[in-house]
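Peer 1: Quick one: the structure is below, and I'll ask about it shortly.
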Amino acid sequence: MIEVELTVNGKQVARTVDERSLLVDFLRRDLQLTGTHVGCDTSQCGACTVNLDGVAVKSCTVLAAQASGGVVTTVEGLARDGVLHPVQEAFVQCHGLQCGFCTPGMIMAVEYFLRQRPAALDDHTIHTALEGNICRCTGYVNIIAAVRHAALQIYPDLAPAAKGKP
């Protein structure tokens with residue numbers, strides 16, 4: 001057993017866990033943050049994506065002990081004072097989901113991508129940014145629209161660049 005201390009969604013947490021516990025399991029089981037999903041168990045689908053120290057990571061590939069001392073943001077931590085984050089709101093407005101299983105990981109990947117302030121929002125750039133996240137329900141059209149919509153909310157000066165191919 002090992003002591004894990006993290007800041008998760010702005011709150012300090014400490015738990016004793018098995019050395020082999022994955023970050024995704026720590027978040028879901030120990031902290032009851034079930035927005036982070038376990039999808040493929042092989043790090044291919046991206047449903048477990050969270051931000052660790054400001055970087056999007058697949059939490060099924062990180063041991064909780066490796067993350068100890070770090071700062072984690074999950075999909076539950078994006079909203080502030082009951083107001084959805086622009087990426088969350090864009091997924092709602094643009095219908096960027098169907099069953100919703102991939103949505104938390106997709107939102108976290110998009111949030112990270114947009115924090116990098118992309119110079120272009122063409123289809124290729126967005127597809128490349130999301131290539132580690134799989135949605136089995138949609139054709140990605142509405143997800144791409146949600147990325148562009150969120151980008152315009154976060155960076156209004158991107159208006160001409162956000163038009164890209166639908």
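Residue numbering restarts at 1 for every chain of the structure tokens, chains are lettered A, B, ... in their displayed order, and ligands are numbered from 1 as they appear.
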Enumerate, as JSON, numbers by chain, the complete set of residues in chain A that a backbone-based DSSP assignment places in helix (DSSP H, G or I).
Peer 2: {"A": [23, 24, 25, 26, 27, 28, 29, 30, 64, 65, 66, 67, 75, 76, 77, 86, 87, 88, 89, 90, 91, 92, 93, 103, 104, 105, 106, 107, 108, 109, 110, 111, 112, 113, 114, 115, 123, 124, 125, 126, 127, 128, 129, 141, 142, 143, 144, 145, 146, 147, 148, 149, 150, 151, 152, 153, 154, 156, 157, 158, 161, 162, 163]}
Peer 1: May I have the residues within 12 Å of Cys40 in chain A as number ranges by chain, using only C-alpha atoms and disregarding those fewer than 4 positions away in the same chain?
Peer 2: A: 44-48, 58-61, 101-102, 133-136
Peer 1: Please produce a file of the residues just selected, as a PDB file, in the first residue's frame, where the atoms kept are N, CA and C atoms.
Peer 2:
```
ATOM      1  N   GLN A  44      -6.551   2.895 -25.843  1.00  0.00           N
ATOM      2  CA  GLN A  44      -6.819   3.269 -27.227  1.00  0.00           C
ATOM      3  C   GLN A  44      -8.025   4.192 -27.398  1.00  0.00           C
ATOM      4  N   CYS A  45      -9.000   4.121 -26.498  1.00  0.00           N
ATOM      5  CA  CYS A  45     -10.269   4.825 -26.756  1.00  0.00           C
ATOM      6  C   CYS A  45     -10.311   6.257 -26.242  1.00  0.00           C
ATOM      7  N   GLY A  46      -9.567   6.585 -25.193  1.00  0.00           N
ATOM      8  CA  GLY A  46      -9.542   7.946 -24.672  1.00  0.00           C
ATOM      9  C   GLY A  46     -10.692   8.300 -23.747  1.00  0.00           C
ATOM     10  N   ALA A  47     -11.574   7.364 -23.423  1.00  0.00           N
ATOM     11  CA  ALA A  47     -12.711   7.662 -22.543  1.00  0.00           C
ATOM     12  C   ALA A  47     -12.264   8.070 -21.141  1.00  0.00           C
ATOM     13  N   CYS A  48     -11.034   7.721 -20.783  1.00  0.00           N
ATOM     14  CA  CYS A  48     -10.521   8.009 -19.435  1.00  0.00           C
ATOM     15  C   CYS A  48      -9.646   9.260 -19.383  1.00  0.00           C
ATOM     16  N   LYS A  58      -4.277   9.785 -20.645  1.00  0.00           N
ATOM     17  CA  LYS A  58      -5.223   8.681 -20.479  1.00  0.00           C
ATOM     18  C   LYS A  58      -4.966   8.094 -19.097  1.00  0.00           C
ATOM     19  N   SER A  59      -5.924   8.263 -18.216  1.00  0.00           N
ATOM     20  CA  SER A  59      -5.710   7.898 -16.817  1.00  0.00           C
ATOM     21  C   SER A  59      -5.631   6.391 -16.592  1.00  0.00           C
ATOM     22  N   CYS A  60      -5.907   5.593 -17.634  1.00  0.00           N
ATOM     23  CA  CYS A  60      -5.723   4.148 -17.515  1.00  0.00           C
ATOM     24  C   CYS A  60      -4.272   3.753 -17.744  1.00  0.00           C
ATOM     25  N   THR A  61      -3.417   4.729 -18.109  1.00  0.00           N
ATOM     26  CA  THR A  61      -2.000   4.436 -18.352  1.00  0.00           C
ATOM     27  C   THR A  61      -1.102   4.991 -17.256  1.00  0.00           C
ATOM     28  N   PHE A 101     -20.849   8.094 -23.823  1.00  0.00           N
ATOM     29  CA  PHE A 101     -19.788   7.362 -23.137  1.00  0.00           C
ATOM     30  C   PHE A 101     -18.417   7.979 -23.377  1.00  0.00           C
ATOM     31  N   CYS A 102     -18.121   8.371 -24.600  1.00  0.00           N
ATOM     32  CA  CYS A 102     -16.809   8.947 -24.919  1.00  0.00           C
ATOM     33  C   CYS A 102     -16.717  10.421 -24.547  1.00  0.00           C
ATOM     34  N   ASN A 133      -8.920   9.717 -29.221  1.00  0.00           N
ATOM     35  CA  ASN A 133     -10.243   9.548 -28.626  1.00  0.00           C
ATOM     36  C   ASN A 133     -11.184   8.976 -29.673  1.00  0.00           C
ATOM     37  N   ILE A 134     -11.853   7.901 -29.311  1.00  0.00           N
ATOM     38  CA  ILE A 134     -12.735   7.215 -30.254  1.00  0.00           C
ATOM     39  C   ILE A 134     -14.187   7.367 -29.819  1.00  0.00           C
ATOM     40  N   CYS A 135     -15.028   7.712 -30.787  1.00  0.00           N
ATOM     41  CA  CYS A 135     -16.471   7.716 -30.589  1.00  0.00           C
ATOM     42  C   CYS A 135     -17.034   6.652 -31.521  1.00  0.00           C
ATOM     43  N   ARG A 136     -17.779   5.732 -30.962  1.00  0.00           N
ATOM     44  CA  ARG A 136     -18.325   4.646 -31.776  1.00  0.00           C
ATOM     45  C   ARG A 136     -19.731   4.948 -32.290  1.00  0.00           C
TER      46      ARG A 136
END
```
Peer 1: List the neighbours of range 63-69 of chain A out to 7 Å using only C-alpha atoms; skip same-chain residues closer than 6 positions along the sequence, and give me the result as a ChimeraX atom specification.
Peer 2: /A:4-6,19-23,26
Peer 1: Write a file of the just-selected residues containing N, CA and C atoms, as a short mmCIF file (atom, residue, chain, number, x, y, z; two decimals), in the first residue's frame.
Peer 2:
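Now in selection.cif:
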```cif
data_model
loop_
_atom_site.label_atom_id
_atom_site.label_comp_id
_atom_site.auth_asym_id
_atom_site.auth_seq_id
_atom_site.Cartn_x
_atom_site.Cartn_y
_atom_site.Cartn_z
N VAL A 4 -1.20 8.26 -1.50
CA VAL A 4 -1.30 9.10 -2.69
C VAL A 4 -1.94 10.42 -2.28
N GLU A 5 -1.27 11.51 -2.62
CA GLU A 5 -1.78 12.85 -2.35
C GLU A 5 -1.86 13.61 -3.66
N LEU A 6 -3.02 14.15 -3.95
CA LEU A 6 -3.26 14.89 -5.19
C LEU A 6 -4.14 16.09 -4.92
N GLU A 19 -0.27 -0.18 -4.62
CA GLU A 19 0.74 0.40 -5.51
C GLU A 19 0.38 0.26 -6.98
N ARG A 20 -0.43 -0.74 -7.31
CA ARG A 20 -0.79 -1.00 -8.71
C ARG A 20 -2.06 -0.29 -9.15
N SER A 21 -2.67 0.49 -8.28
CA SER A 21 -3.93 1.19 -8.62
C SER A 21 -3.69 2.20 -9.73
N LEU A 22 -4.53 2.12 -10.73
CA LEU A 22 -4.47 3.09 -11.82
C LEU A 22 -5.16 4.39 -11.41
N LEU A 23 -4.74 5.48 -12.01
CA LEU A 23 -5.35 6.78 -11.72
C LEU A 23 -6.85 6.75 -12.01
N PHE A 26 -8.52 5.10 -9.13
CA PHE A 26 -8.46 5.99 -7.97
C PHE A 26 -9.55 7.06 -8.06
#
```
Peer 1: Got a sec: who's within 8 Å of Ala150 in chain A, counting only C-alpha atoms, leaving out chain neighbours fewer than 2 positions off, as a CSV table (one decimal) with N, CA and C atoms, in the first residue's frame?
Peer 2:
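Saved result, around.csv, follows:
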```
chain,number,residue,atom,x,y,z
A,86,PRO,N,-16.8,26.3,-21.5
A,86,PRO,CA,-17.2,26.5,-23.0
A,86,PRO,C,-17.2,25.3,-23.8
A,87,VAL,N,-16.3,24.4,-23.5
A,87,VAL,CA,-16.2,23.1,-24.3
A,87,VAL,C,-17.4,22.2,-23.9
A,89,GLU,N,-20.3,23.3,-22.8
A,89,GLU,CA,-21.5,24.0,-23.4
A,89,GLU,C,-21.5,23.7,-24.9
A,90,ALA,N,-20.4,23.8,-25.6
A,90,ALA,CA,-20.4,23.6,-27.0
A,90,ALA,C,-20.8,22.2,-27.4
A,146,ALA,N,-18.5,21.2,-32.5
A,146,ALA,CA,-18.4,21.6,-31.1
A,146,ALA,C,-17.0,22.2,-30.8
A,147,VAL,N,-16.0,21.6,-31.4
A,147,VAL,CA,-14.6,22.1,-31.2
A,147,VAL,C,-14.6,23.6,-31.7
A,148,ARG,N,-15.1,23.8,-32.9
A,148,ARG,CA,-15.0,25.1,-33.5
A,148,ARG,C,-15.9,26.1,-32.7
A,152,LEU,N,-14.5,29.5,-30.6
A,152,LEU,CA,-15.0,30.9,-30.8
A,152,LEU,C,-15.4,31.5,-29.5
A,153,GLN,N,-15.9,30.7,-28.6
A,153,GLN,CA,-16.3,31.2,-27.3
A,153,GLN,C,-15.0,31.6,-26.4
A,154,ILE,N,-14.0,30.8,-26.6
A,154,ILE,CA,-12.8,31.0,-25.8
A,154,ILE,C,-11.9,32.1,-26.4
```
Peer 1: I want to know what sits within 10 Å of Gly96 in chain A, based on only C-alpha atoms, with residues of the same chain fewer than 4 positions away left out; could you give that as a list in words?
Peer 2: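 Near Gly96 in chain A, the qualifying residues are Gln88, Glu89, Ala90, Phe91, Val92, Gly100, Thr103, Met106, Ile107, Thr138, Gly139, Tyr140, Val141, Asn142, Ile143, Ile144, Ala145, Ala146 and Val147 of chain A.
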Peer 1: What does the distance from CA of Asn9 in chain A to CA of Phe113 in chain A come to in Å, to one decimal?
Peer 2: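 For CA of Asn9 in chain A relative to CA of Phe113 in chain A, the distance reads 18.8 Å.
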Peer 1: Here is a test: counting only C-alpha atoms, which residue of A:Leu121, A:Val8, A:Val83, A:Cys137 is nearest to His149 in chain A?
Peer 2: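 So, comparing all the options, the nearest one is A:Leu121.
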Peer 1: Just to confirm, what's the straight-line distance from CA of Leu52 in chain A to CA of Asp122 in chain A in Å (one decimal)?
Peer 2: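 Distance reported for this atom pair: 26.9 Å.
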